[in-house]
Amino acid sequence: MPGAVLPPAFLVPERSSALTKHTVAVLGTGKMGELVLSGLLRSGWPADRLLATARRPARGAELAEKYGVAVVGNAEAAERAGILAVGVKPQDAGTLLGEIGPRVTADRLVVSLCAGLPTTFFAARLPEGTPVVRVMTNTPALVGQAMSAISAGVHATAEHVALAEELFRPLGSTVVLPEYQQDAVTALSGSGPAYFYLLAEAMIDAGVLLGLPRQVAHALIVQTAAGSAAMLRDSGEHPVKLREAVTSPAGTTIAAIRELENHGVRAALLDALEAARDRAREIANQAI
């Protein structure tokens, strides 16, 4: 009934529309936490079903004013919400879990946004049987184009995973995969936007070098990137076929590709992603 106070405990919904019956708390509303918060609000999630926490009072006041949500302490959020999205930095997760652990019951759902941290890290610091789902999303959530990878911890059921999918669907696309693949996801799509921005920056600078005004070079590259991504997504073709369609014999494109290969761009990308994956593993080891 309208105005009724919902129990804080998490109840597995019979259908996905039951998701909005639960209060979601974003614990540590930094960049990633704010992405989740803003995405839920854009999708029509009621502001009175959202809670946020922040380390600094000024940050809390900013979130309350910007989004119209209640900003509370971590302990209160853990008591009031049935779904706890943990968005603190990995090195701060242990302290947070130590604070909220006594107030979390096993009927909550904990969603980890902490890059590199396995669900076992949370399970060891929360009551026995607490379901934990690990999610790696990325910054295109700001424009509803995120890629969110979802993995279940040992106590998370298919219903918990489905709930997490519904939670992150307003941010873009979702995929469910085994947790052992999450470090690779972190390297590929979690950090992936930065690689594309670096490439775009280099191409814009190249345009300036070739005599174009910077704003023209920017417009050319942004639209080319957007169009290429749409073709890759919508055509169903392998990237090789799409590249070959642009690469005429003895033409300008193959001359450019030869230089990219001569400079080891492909090998550099492979090495870069391996380095990102290894760093995710280091973060987990340091936290544990």
# chains A, B, ... in the order shown; residues from 1 in each chain; ligands from 1
call {"tool": "select_by_dssp", "arguments": {"residues": "range 57-234 of chain A", "states": "helix (DSSP H, G or I)", "output": "PyMOL selection string"}}
result
chain A and resi 57-67+74-80+90-103+119-123+139-143+158-171+179-190+192-209+214-234
call {"tool": "select_by_dssp", "arguments": {"residues": "range 53-217 of chain A", "states": "strand (DSSP E)", "output": "list in words"}}
result
Ala70, Val71, Ile83, Leu84, Ala85, Val86, Leu109, Val110, Val111, Ser112, Val132, Val133, Arg134, Val135, Met136, Ala146, Met147, Ser148, Ala149, Ile150, Ser151, Ala152, Gly172, Ser173, Thr174, Val175 and Val176 of chain A
call {"tool": "residues_around", "arguments": {"residues": "Leu50 in chain A", "least_positions_apart": "5", "cutoff": "9 Å", "atoms": "only C-alpha atoms", "output": "PDB file with N, CA, C and O atoms, in the first residue's frame"}}
result
ATOM      1  N   HIS A  22      12.392  -2.737  -3.674  1.00  0.00           N
ATOM      2  CA  HIS A  22      13.515  -2.774  -2.756  1.00  0.00           C
ATOM      3  C   HIS A  22      14.234  -1.437  -2.721  1.00  0.00           C
ATOM      4  O   HIS A  22      14.290  -0.715  -3.701  1.00  0.00           O
ATOM      5  N   THR A  23      14.794  -1.147  -1.568  1.00  0.00           N
ATOM      6  CA  THR A  23      15.635   0.031  -1.436  1.00  0.00           C
ATOM      7  C   THR A  23      17.064  -0.355  -1.776  1.00  0.00           C
ATOM      8  O   THR A  23      17.578  -1.362  -1.302  1.00  0.00           O
ATOM      9  N   VAL A  24      17.695   0.466  -2.589  1.00  0.00           N
ATOM     10  CA  VAL A  24      19.082   0.245  -2.982  1.00  0.00           C
ATOM     11  C   VAL A  24      19.945   1.305  -2.317  1.00  0.00           C
ATOM     12  O   VAL A  24      19.639   2.495  -2.386  1.00  0.00           O
ATOM     13  N   ALA A  25      21.009   0.867  -1.689  1.00  0.00           N
ATOM     14  CA  ALA A  25      21.971   1.788  -1.099  1.00  0.00           C
ATOM     15  C   ALA A  25      23.282   1.687  -1.857  1.00  0.00           C
ATOM     16  O   ALA A  25      23.807   0.587  -2.060  1.00  0.00           O
ATOM     17  N   VAL A  26      23.803   2.828  -2.291  1.00  0.00           N
ATOM     18  CA  VAL A  26      25.123   2.884  -2.925  1.00  0.00           C
ATOM     19  C   VAL A  26      26.108   3.318  -1.848  1.00  0.00           C
ATOM     20  O   VAL A  26      26.069   4.456  -1.384  1.00  0.00           O
ATOM     21  N   LEU A  37      23.849   5.270  -9.445  1.00  0.00           N
ATOM     22  CA  LEU A  37      22.792   6.105  -8.886  1.00  0.00           C
ATOM     23  C   LEU A  37      22.067   6.885  -9.980  1.00  0.00           C
ATOM     24  O   LEU A  37      20.831   6.866 -10.065  1.00  0.00           O
ATOM     25  N   LEU A  40      19.993   4.569 -12.407  1.00  0.00           N
ATOM     26  CA  LEU A  40      18.719   4.109 -11.842  1.00  0.00           C
ATOM     27  C   LEU A  40      17.672   5.218 -11.870  1.00  0.00           C
ATOM     28  O   LEU A  40      16.507   4.978 -12.205  1.00  0.00           O
ATOM     29  N   LEU A  41      18.085   6.422 -11.544  1.00  0.00           N
ATOM     30  CA  LEU A  41      17.146   7.542 -11.568  1.00  0.00           C
ATOM     31  C   LEU A  41      16.664   7.829 -12.990  1.00  0.00           C
ATOM     32  O   LEU A  41      15.480   8.090 -13.213  1.00  0.00           O
ATOM     33  N   TRP A  45      13.672   4.910 -11.543  1.00  0.00           N
ATOM     34  CA  TRP A  45      13.700   4.397 -10.173  1.00  0.00           C
ATOM     35  C   TRP A  45      13.307   5.511  -9.208  1.00  0.00           C
ATOM     36  O   TRP A  45      13.799   6.626  -9.300  1.00  0.00           O
ATOM     37  N   VAL A  69      18.274  12.331  -3.387  1.00  0.00           N
ATOM     38  CA  VAL A  69      18.246  11.088  -2.623  1.00  0.00           C
ATOM     39  C   VAL A  69      18.730  11.355  -1.210  1.00  0.00           C
ATOM     40  O   VAL A  69      19.416  12.345  -0.945  1.00  0.00           O
ATOM     41  N   ALA A  70      18.366  10.462  -0.299  1.00  0.00           N
ATOM     42  CA  ALA A  70      18.822  10.583   1.078  1.00  0.00           C
ATOM     43  C   ALA A  70      20.273  10.124   1.181  1.00  0.00           C
ATOM     44  O   ALA A  70      20.630   9.064   0.674  1.00  0.00           O
ATOM     45  N   VAL A  71      21.083  10.928   1.818  1.00  0.00           N
ATOM     46  CA  VAL A  71      22.474  10.577   2.075  1.00  0.00           C
ATOM     47  C   VAL A  71      22.608  10.264   3.558  1.00  0.00           C
ATOM     48  O   VAL A  71      22.310  11.111   4.410  1.00  0.00           O
ATOM     49  N   ALA A  81      18.554  -0.774   3.679  1.00  0.00           N
ATOM     50  CA  ALA A  81      18.455  -1.216   2.281  1.00  0.00           C
ATOM     51  C   ALA A  81      18.544  -2.742   2.169  1.00  0.00           C
ATOM     52  O   ALA A  81      19.239  -3.401   2.931  1.00  0.00           O
TER      53      ALA A  81
END
call {"tool": "closest_residue", "arguments": {"among": "A:Ile150, A:Ala267, A:Leu212, A:Val143", "to": "Val111 in chain A", "atoms": "only C-alpha atoms"}}
result
A:Ile150
call {"tool": "residues_around", "arguments": {"residues": "Tyr67 in chain A", "least_positions_apart": "4", "cutoff": "12 Å", "atoms": "only C-alpha atoms", "output": "list in words"}}
result
Thr29, Glu34, Leu35, Val36, Leu37, Ser38, Gly39, Leu40, Leu41, Arg42, Trp45, Pro46, Ala47, Asp48, Leu50, Leu51, Ala52, Gly60, Ala61, Glu62, Leu63 and Val71 of chain A
call {"tool": "closest_residue", "arguments": {"among": "A:Gly190, A:Pro118, A:Pro239, A:Pro131", "to": "Val104 in chain A", "atoms": "only C-alpha atoms"}}
result
A:Pro131
call {"tool": "residues_around", "arguments": {"residues": "range 203-208 of chain A", "least_positions_apart": "3", "cutoff": "12 Å", "atoms": "only C-alpha atoms", "output": "list of chain:residue names"}}
result
A:Phe196, A:Tyr197, A:Leu198, A:Leu199, A:Ala200, A:Gly211, A:Leu212, A:Pro213, A:Arg214, A:Gln215, A:Val216, A:Ala217, A:His218, A:Ala219, A:Leu220, A:Ile221, A:Val222, A:Gln223, A:Thr224, A:Ala225
call {"tool": "write_last_selection", "arguments": {"atoms": "N, CA, C and O atoms", "output": "mmCIF file, in the first residue's frame"}}
result
data_model
loop_
_atom_site.group_PDB
_atom_site.id
_atom_site.type_symbol
_atom_site.label_atom_id
_atom_site.label_comp_id
_atom_site.auth_asym_id
_atom_site.auth_seq_id
_atom_site.Cartn_x
_atom_site.Cartn_y
_atom_site.Cartn_z
ATOM 1 N N PHE A 196 40.223 3.758 -26.016
ATOM 2 C CA PHE A 196 39.603 4.423 -27.157
ATOM 3 C C PHE A 196 39.819 5.933 -27.100
ATOM 4 O O PHE A 196 40.047 6.580 -28.125
ATOM 5 N N TYR A 197 39.745 6.501 -25.888
ATOM 6 C CA TYR A 197 39.973 7.941 -25.766
ATOM 7 C C TYR A 197 41.413 8.294 -26.125
ATOM 8 O O TYR A 197 41.672 9.324 -26.763
ATOM 9 N N LEU A 198 42.345 7.436 -25.720
ATOM 10 C CA LEU A 198 43.747 7.683 -26.066
ATOM 11 C C LEU A 198 43.954 7.618 -27.578
ATOM 12 O O LEU A 198 44.651 8.464 -28.165
ATOM 13 N N LEU A 199 43.315 6.639 -28.216
ATOM 14 C CA LEU A 199 43.414 6.512 -29.666
ATOM 15 C C LEU A 199 42.789 7.726 -30.362
ATOM 16 O O LEU A 199 43.361 8.280 -31.313
ATOM 17 N N ALA A 200 41.614 8.149 -29.863
ATOM 18 C CA ALA A 200 40.963 9.321 -30.447
ATOM 19 C C ALA A 200 41.822 10.567 -30.287
ATOM 20 O O ALA A 200 41.962 11.380 -31.216
ATOM 21 N N GLY A 211 47.173 19.417 -40.895
ATOM 22 C CA GLY A 211 46.708 20.728 -41.338
ATOM 23 C C GLY A 211 45.258 21.049 -41.058
ATOM 24 O O GLY A 211 44.776 22.110 -41.466
ATOM 25 N N LEU A 212 44.555 20.182 -40.362
ATOM 26 C CA LEU A 212 43.146 20.452 -40.054
ATOM 27 C C LEU A 212 43.020 21.279 -38.783
ATOM 28 O O LEU A 212 43.801 21.105 -37.838
ATOM 29 N N PRO A 213 42.011 22.159 -38.705
ATOM 30 C CA PRO A 213 41.708 22.816 -37.427
ATOM 31 C C PRO A 213 41.325 21.761 -36.386
ATOM 32 O O PRO A 213 40.701 20.744 -36.711
ATOM 33 N N ARG A 214 41.698 21.997 -35.132
ATOM 34 C CA ARG A 214 41.467 20.985 -34.100
ATOM 35 C C ARG A 214 39.993 20.628 -33.974
ATOM 36 O O ARG A 214 39.640 19.457 -33.808
ATOM 37 N N GLN A 215 39.100 21.622 -34.042
ATOM 38 C CA GLN A 215 37.684 21.317 -33.884
ATOM 39 C C GLN A 215 37.163 20.468 -35.042
ATOM 40 O O GLN A 215 36.279 19.624 -34.862
ATOM 41 N N VAL A 216 37.713 20.669 -36.233
ATOM 42 C CA VAL A 216 37.317 19.852 -37.374
ATOM 43 C C VAL A 216 37.834 18.427 -37.204
ATOM 44 O O VAL A 216 37.106 17.450 -37.422
ATOM 45 N N ALA A 217 39.096 18.299 -36.804
ATOM 46 C CA ALA A 217 39.660 16.967 -36.570
ATOM 47 C C ALA A 217 38.870 16.226 -35.496
ATOM 48 O O ALA A 217 38.589 15.027 -35.621
ATOM 49 N N HIS A 218 38.482 16.932 -34.439
ATOM 50 C CA HIS A 218 37.690 16.327 -33.358
ATOM 51 C C HIS A 218 36.363 15.812 -33.889
ATOM 52 O O HIS A 218 35.961 14.676 -33.622
ATOM 53 N N ALA A 219 35.651 16.651 -34.658
ATOM 54 C CA ALA A 219 34.350 16.246 -35.198
ATOM 55 C C ALA A 219 34.485 15.051 -36.130
ATOM 56 O O ALA A 219 33.660 14.120 -36.096
ATOM 57 N N LEU A 220 35.508 15.037 -36.953
ATOM 58 C CA LEU A 220 35.713 13.930 -37.887
ATOM 59 C C LEU A 220 35.952 12.620 -37.146
ATOM 60 O O LEU A 220 35.363 11.574 -37.480
ATOM 61 N N ILE A 221 36.795 12.653 -36.114
ATOM 62 C CA ILE A 221 37.144 11.426 -35.406
ATOM 63 C C ILE A 221 35.990 10.934 -34.537
ATOM 64 O O ILE A 221 35.710 9.737 -34.477
ATOM 65 N N VAL A 222 35.310 11.845 -33.863
ATOM 66 C CA VAL A 222 34.196 11.421 -33.002
ATOM 67 C C VAL A 222 33.111 10.730 -33.826
ATOM 68 O O VAL A 222 32.625 9.653 -33.469
ATOM 69 N N GLN A 223 32.729 11.330 -34.950
ATOM 70 C CA GLN A 223 31.684 10.710 -35.763
ATOM 71 C C GLN A 223 32.167 9.416 -36.408
ATOM 72 O O GLN A 223 31.420 8.439 -36.522
ATOM 73 N N THR A 224 33.434 9.387 -36.818
ATOM 74 C CA THR A 224 33.974 8.163 -37.400
ATOM 75 C C THR A 224 33.981 7.037 -36.374
ATOM 76 O O THR A 224 33.635 5.886 -36.679
ATOM 77 N N ALA A 225 34.358 7.357 -35.137
ATOM 78 C CA ALA A 225 34.353 6.350 -34.078
ATOM 79 C C ALA A 225 32.937 5.864 -33.776
ATOM 80 O O ALA A 225 32.689 4.659 -33.640
#
call {"tool": "residues_around", "arguments": {"residues": "Gly153 in chain A", "least_positions_apart": "5", "cutoff": "12 Å", "atoms": "only C-alpha atoms", "output": "PDB file with N, CA and C atoms, in the first residue's frame"}}
result
ATOM      1  N   LEU A 109      21.226  -8.522  -0.470  1.00  0.00           N
ATOM      2  CA  LEU A 109      22.045  -8.793  -1.642  1.00  0.00           C
ATOM      3  C   LEU A 109      23.141  -7.740  -1.685  1.00  0.00           C
ATOM      4  N   VAL A 110      24.381  -8.181  -1.722  1.00  0.00           N
ATOM      5  CA  VAL A 110      25.525  -7.278  -1.811  1.00  0.00           C
ATOM      6  C   VAL A 110      26.063  -7.321  -3.231  1.00  0.00           C
ATOM      7  N   VAL A 111      26.171  -6.155  -3.850  1.00  0.00           N
ATOM      8  CA  VAL A 111      26.685  -6.030  -5.212  1.00  0.00           C
ATOM      9  C   VAL A 111      28.016  -5.297  -5.145  1.00  0.00           C
ATOM     10  N   SER A 112      29.088  -5.960  -5.559  1.00  0.00           N
ATOM     11  CA  SER A 112      30.415  -5.353  -5.511  1.00  0.00           C
ATOM     12  C   SER A 112      30.747  -4.685  -6.829  1.00  0.00           C
ATOM     13  N   LEU A 117      38.478  -7.186  -6.679  1.00  0.00           N
ATOM     14  CA  LEU A 117      38.167  -7.919  -5.459  1.00  0.00           C
ATOM     15  C   LEU A 117      37.221  -9.087  -5.747  1.00  0.00           C
ATOM     16  N   PRO A 118      37.604 -10.305  -5.357  1.00  0.00           N
ATOM     17  CA  PRO A 118      36.726 -11.455  -5.575  1.00  0.00           C
ATOM     18  C   PRO A 118      35.574 -11.469  -4.573  1.00  0.00           C
ATOM     19  N   THR A 119      34.540 -12.202  -4.890  1.00  0.00           N
ATOM     20  CA  THR A 119      33.398 -12.292  -3.972  1.00  0.00           C
ATOM     21  C   THR A 119      33.790 -12.956  -2.659  1.00  0.00           C
ATOM     22  N   THR A 120      34.846 -13.794  -2.672  1.00  0.00           N
ATOM     23  CA  THR A 120      35.292 -14.427  -1.433  1.00  0.00           C
ATOM     24  C   THR A 120      35.797 -13.392  -0.429  1.00  0.00           C
ATOM     25  N   PHE A 121      36.316 -12.269  -0.918  1.00  0.00           N
ATOM     26  CA  PHE A 121      36.746 -11.187  -0.037  1.00  0.00           C
ATOM     27  C   PHE A 121      35.568 -10.692   0.797  1.00  0.00           C
ATOM     28  N   PHE A 122      34.411 -10.558   0.152  1.00  0.00           N
ATOM     29  CA  PHE A 122      33.203 -10.097   0.846  1.00  0.00           C
ATOM     30  C   PHE A 122      32.631 -11.187   1.736  1.00  0.00           C
ATOM     31  N   ALA A 123      32.615 -12.414   1.221  1.00  0.00           N
ATOM     32  CA  ALA A 123      32.039 -13.520   1.983  1.00  0.00           C
ATOM     33  C   ALA A 123      32.765 -13.710   3.310  1.00  0.00           C
ATOM     34  N   ALA A 124      34.065 -13.476   3.326  1.00  0.00           N
ATOM     35  CA  ALA A 124      34.845 -13.656   4.552  1.00  0.00           C
ATOM     36  C   ALA A 124      34.553 -12.584   5.588  1.00  0.00           C
ATOM     37  N   GLY A 129      26.500 -17.018   4.365  1.00  0.00           N
ATOM     38  CA  GLY A 129      25.364 -17.182   3.465  1.00  0.00           C
ATOM     39  C   GLY A 129      24.927 -15.915   2.762  1.00  0.00           C
ATOM     40  N   THR A 130      25.567 -14.774   3.038  1.00  0.00           N
ATOM     41  CA  THR A 130      25.174 -13.528   2.371  1.00  0.00           C
ATOM     42  C   THR A 130      25.474 -13.619   0.876  1.00  0.00           C
ATOM     43  N   PRO A 131      24.474 -13.422   0.027  1.00  0.00           N
ATOM     44  CA  PRO A 131      24.730 -13.481  -1.415  1.00  0.00           C
ATOM     45  C   PRO A 131      25.492 -12.258  -1.904  1.00  0.00           C
ATOM     46  N   VAL A 132      26.528 -12.508  -2.692  1.00  0.00           N
ATOM     47  CA  VAL A 132      27.344 -11.434  -3.254  1.00  0.00           C
ATOM     48  C   VAL A 132      27.421 -11.619  -4.756  1.00  0.00           C
ATOM     49  N   VAL A 133      27.201 -10.539  -5.484  1.00  0.00           N
ATOM     50  CA  VAL A 133      27.330 -10.541  -6.938  1.00  0.00           C
ATOM     51  C   VAL A 133      28.381  -9.503  -7.306  1.00  0.00           C
ATOM     52  N   ARG A 134      29.309  -9.899  -8.153  1.00  0.00           N
ATOM     53  CA  ARG A 134      30.397  -9.008  -8.577  1.00  0.00           C
ATOM     54  C   ARG A 134      30.078  -8.425  -9.941  1.00  0.00           C
ATOM     55  N   VAL A 135      30.226  -7.107 -10.069  1.00  0.00           N
ATOM     56  CA  VAL A 135      29.890  -6.430 -11.321  1.00  0.00           C
ATOM     57  C   VAL A 135      31.048  -5.529 -11.742  1.00  0.00           C
ATOM     58  N   ALA A 158      20.482 -17.857  -9.110  1.00  0.00           N
ATOM     59  CA  ALA A 158      20.099 -17.313 -10.413  1.00  0.00           C
ATOM     60  C   ALA A 158      19.178 -16.109 -10.245  1.00  0.00           C
ATOM     61  N   HIS A 160      19.306 -13.926  -7.791  1.00  0.00           N
ATOM     62  CA  HIS A 160      20.138 -12.779  -7.426  1.00  0.00           C
ATOM     63  C   HIS A 160      20.837 -12.196  -8.653  1.00  0.00           C
ATOM     64  N   VAL A 161      21.315 -13.071  -9.517  1.00  0.00           N
ATOM     65  CA  VAL A 161      21.976 -12.610 -10.737  1.00  0.00           C
ATOM     66  C   VAL A 161      20.988 -11.858 -11.621  1.00  0.00           C
ATOM     67  N   LEU A 177      28.869 -13.970 -16.645  1.00  0.00           N
ATOM     68  CA  LEU A 177      29.990 -14.869 -16.917  1.00  0.00           C
ATOM     69  C   LEU A 177      30.596 -15.362 -15.606  1.00  0.00           C
ATOM     70  N   PRO A 178      31.417 -16.416 -15.670  1.00  0.00           N
ATOM     71  CA  PRO A 178      32.051 -16.940 -14.452  1.00  0.00           C
ATOM     72  C   PRO A 178      32.991 -15.911 -13.838  1.00  0.00           C
ATOM     73  N   GLU A 179      33.113 -15.955 -12.533  1.00  0.00           N
ATOM     74  CA  GLU A 179      33.910 -14.926 -11.865  1.00  0.00           C
ATOM     75  C   GLU A 179      35.377 -14.980 -12.244  1.00  0.00           C
ATOM     76  N   TYR A 180      35.900 -16.139 -12.585  1.00  0.00           N
ATOM     77  CA  TYR A 180      37.323 -16.210 -12.911  1.00  0.00           C
ATOM     78  C   TYR A 180      37.669 -15.388 -14.157  1.00  0.00           C
ATOM     79  N   GLN A 182      36.545 -12.287 -14.599  1.00  0.00           N
ATOM     80  CA  GLN A 182      36.333 -10.874 -14.295  1.00  0.00           C
ATOM     81  C   GLN A 182      37.593 -10.023 -14.421  1.00  0.00           C
TER      82      GLN A 182
END
call {"tool": "residues_around", "arguments": {"residues": "Leu273 in chain A", "least_positions_apart": "4", "cutoff": "7 Å", "atoms": "only C-alpha atoms", "output": "PDB file with all heavy atoms, in the first residue's frame"}}
result
ATOM      1  N   ALA A 187      40.228  -5.618 -17.557  1.00  0.00           N
ATOM      2  CA  ALA A 187      41.243  -5.131 -18.493  1.00  0.00           C
ATOM      3  C   ALA A 187      40.637  -4.716 -19.821  1.00  0.00           C
ATOM      4  O   ALA A 187      41.073  -3.729 -20.428  1.00  0.00           O
ATOM      5  CB  ALA A 187      42.295  -6.220 -18.718  1.00  0.00           C
ATOM      6  N   LEU A 188      39.638  -5.441 -20.284  1.00  0.00           N
ATOM      7  CA  LEU A 188      39.114  -5.228 -21.633  1.00  0.00           C
ATOM      8  C   LEU A 188      38.064  -4.123 -21.685  1.00  0.00           C
ATOM      9  O   LEU A 188      38.243  -3.121 -22.372  1.00  0.00           O
ATOM     10  CB  LEU A 188      38.534  -6.536 -22.171  1.00  0.00           C
ATOM     11  CG  LEU A 188      38.208  -6.560 -23.664  1.00  0.00           C
ATOM     12  CD1 LEU A 188      39.461  -6.359 -24.494  1.00  0.00           C
ATOM     13  CD2 LEU A 188      37.526  -7.881 -24.040  1.00  0.00           C
ATOM     14  N   LEU A 269      48.796  -3.477 -27.724  1.00  0.00           N
ATOM     15  CA  LEU A 269      47.473  -3.642 -27.116  1.00  0.00           C
ATOM     16  C   LEU A 269      47.399  -4.931 -26.312  1.00  0.00           C
ATOM     17  O   LEU A 269      46.850  -4.967 -25.201  1.00  0.00           O
ATOM     18  CB  LEU A 269      46.397  -3.618 -28.197  1.00  0.00           C
ATOM     19  CG  LEU A 269      46.033  -2.239 -28.752  1.00  0.00           C
ATOM     20  CD1 LEU A 269      45.126  -2.372 -29.965  1.00  0.00           C
ATOM     21  CD2 LEU A 269      45.354  -1.388 -27.677  1.00  0.00           C
ATOM     22  N   ARG A 277      45.133  -6.685 -16.622  1.00  0.00           N
ATOM     23  CA  ARG A 277      44.651  -7.887 -15.922  1.00  0.00           C
ATOM     24  C   ARG A 277      45.530  -8.221 -14.729  1.00  0.00           C
ATOM     25  O   ARG A 277      45.041  -8.520 -13.636  1.00  0.00           O
ATOM     26  CB  ARG A 277      44.623  -9.063 -16.884  1.00  0.00           C
ATOM     27  CG  ARG A 277      44.121 -10.359 -16.230  1.00  0.00           C
ATOM     28  CD  ARG A 277      44.733 -11.585 -16.845  1.00  0.00           C
ATOM     29  NE  ARG A 277      46.190 -11.543 -16.881  1.00  0.00           N
ATOM     30  CZ  ARG A 277      46.910 -12.331 -17.659  1.00  0.00           C
ATOM     31  NH1 ARG A 277      46.320 -13.186 -18.467  1.00  0.00           N
ATOM     32  NH2 ARG A 277      48.235 -12.252 -17.636  1.00  0.00           N
TER      33      ARG A 277
END
call {"tool": "atom_distance", "arguments": {"atom1": "CA of Ala276 in chain A", "atom2": "CA of Thr186 in chain A"}}
result
7.5 Å
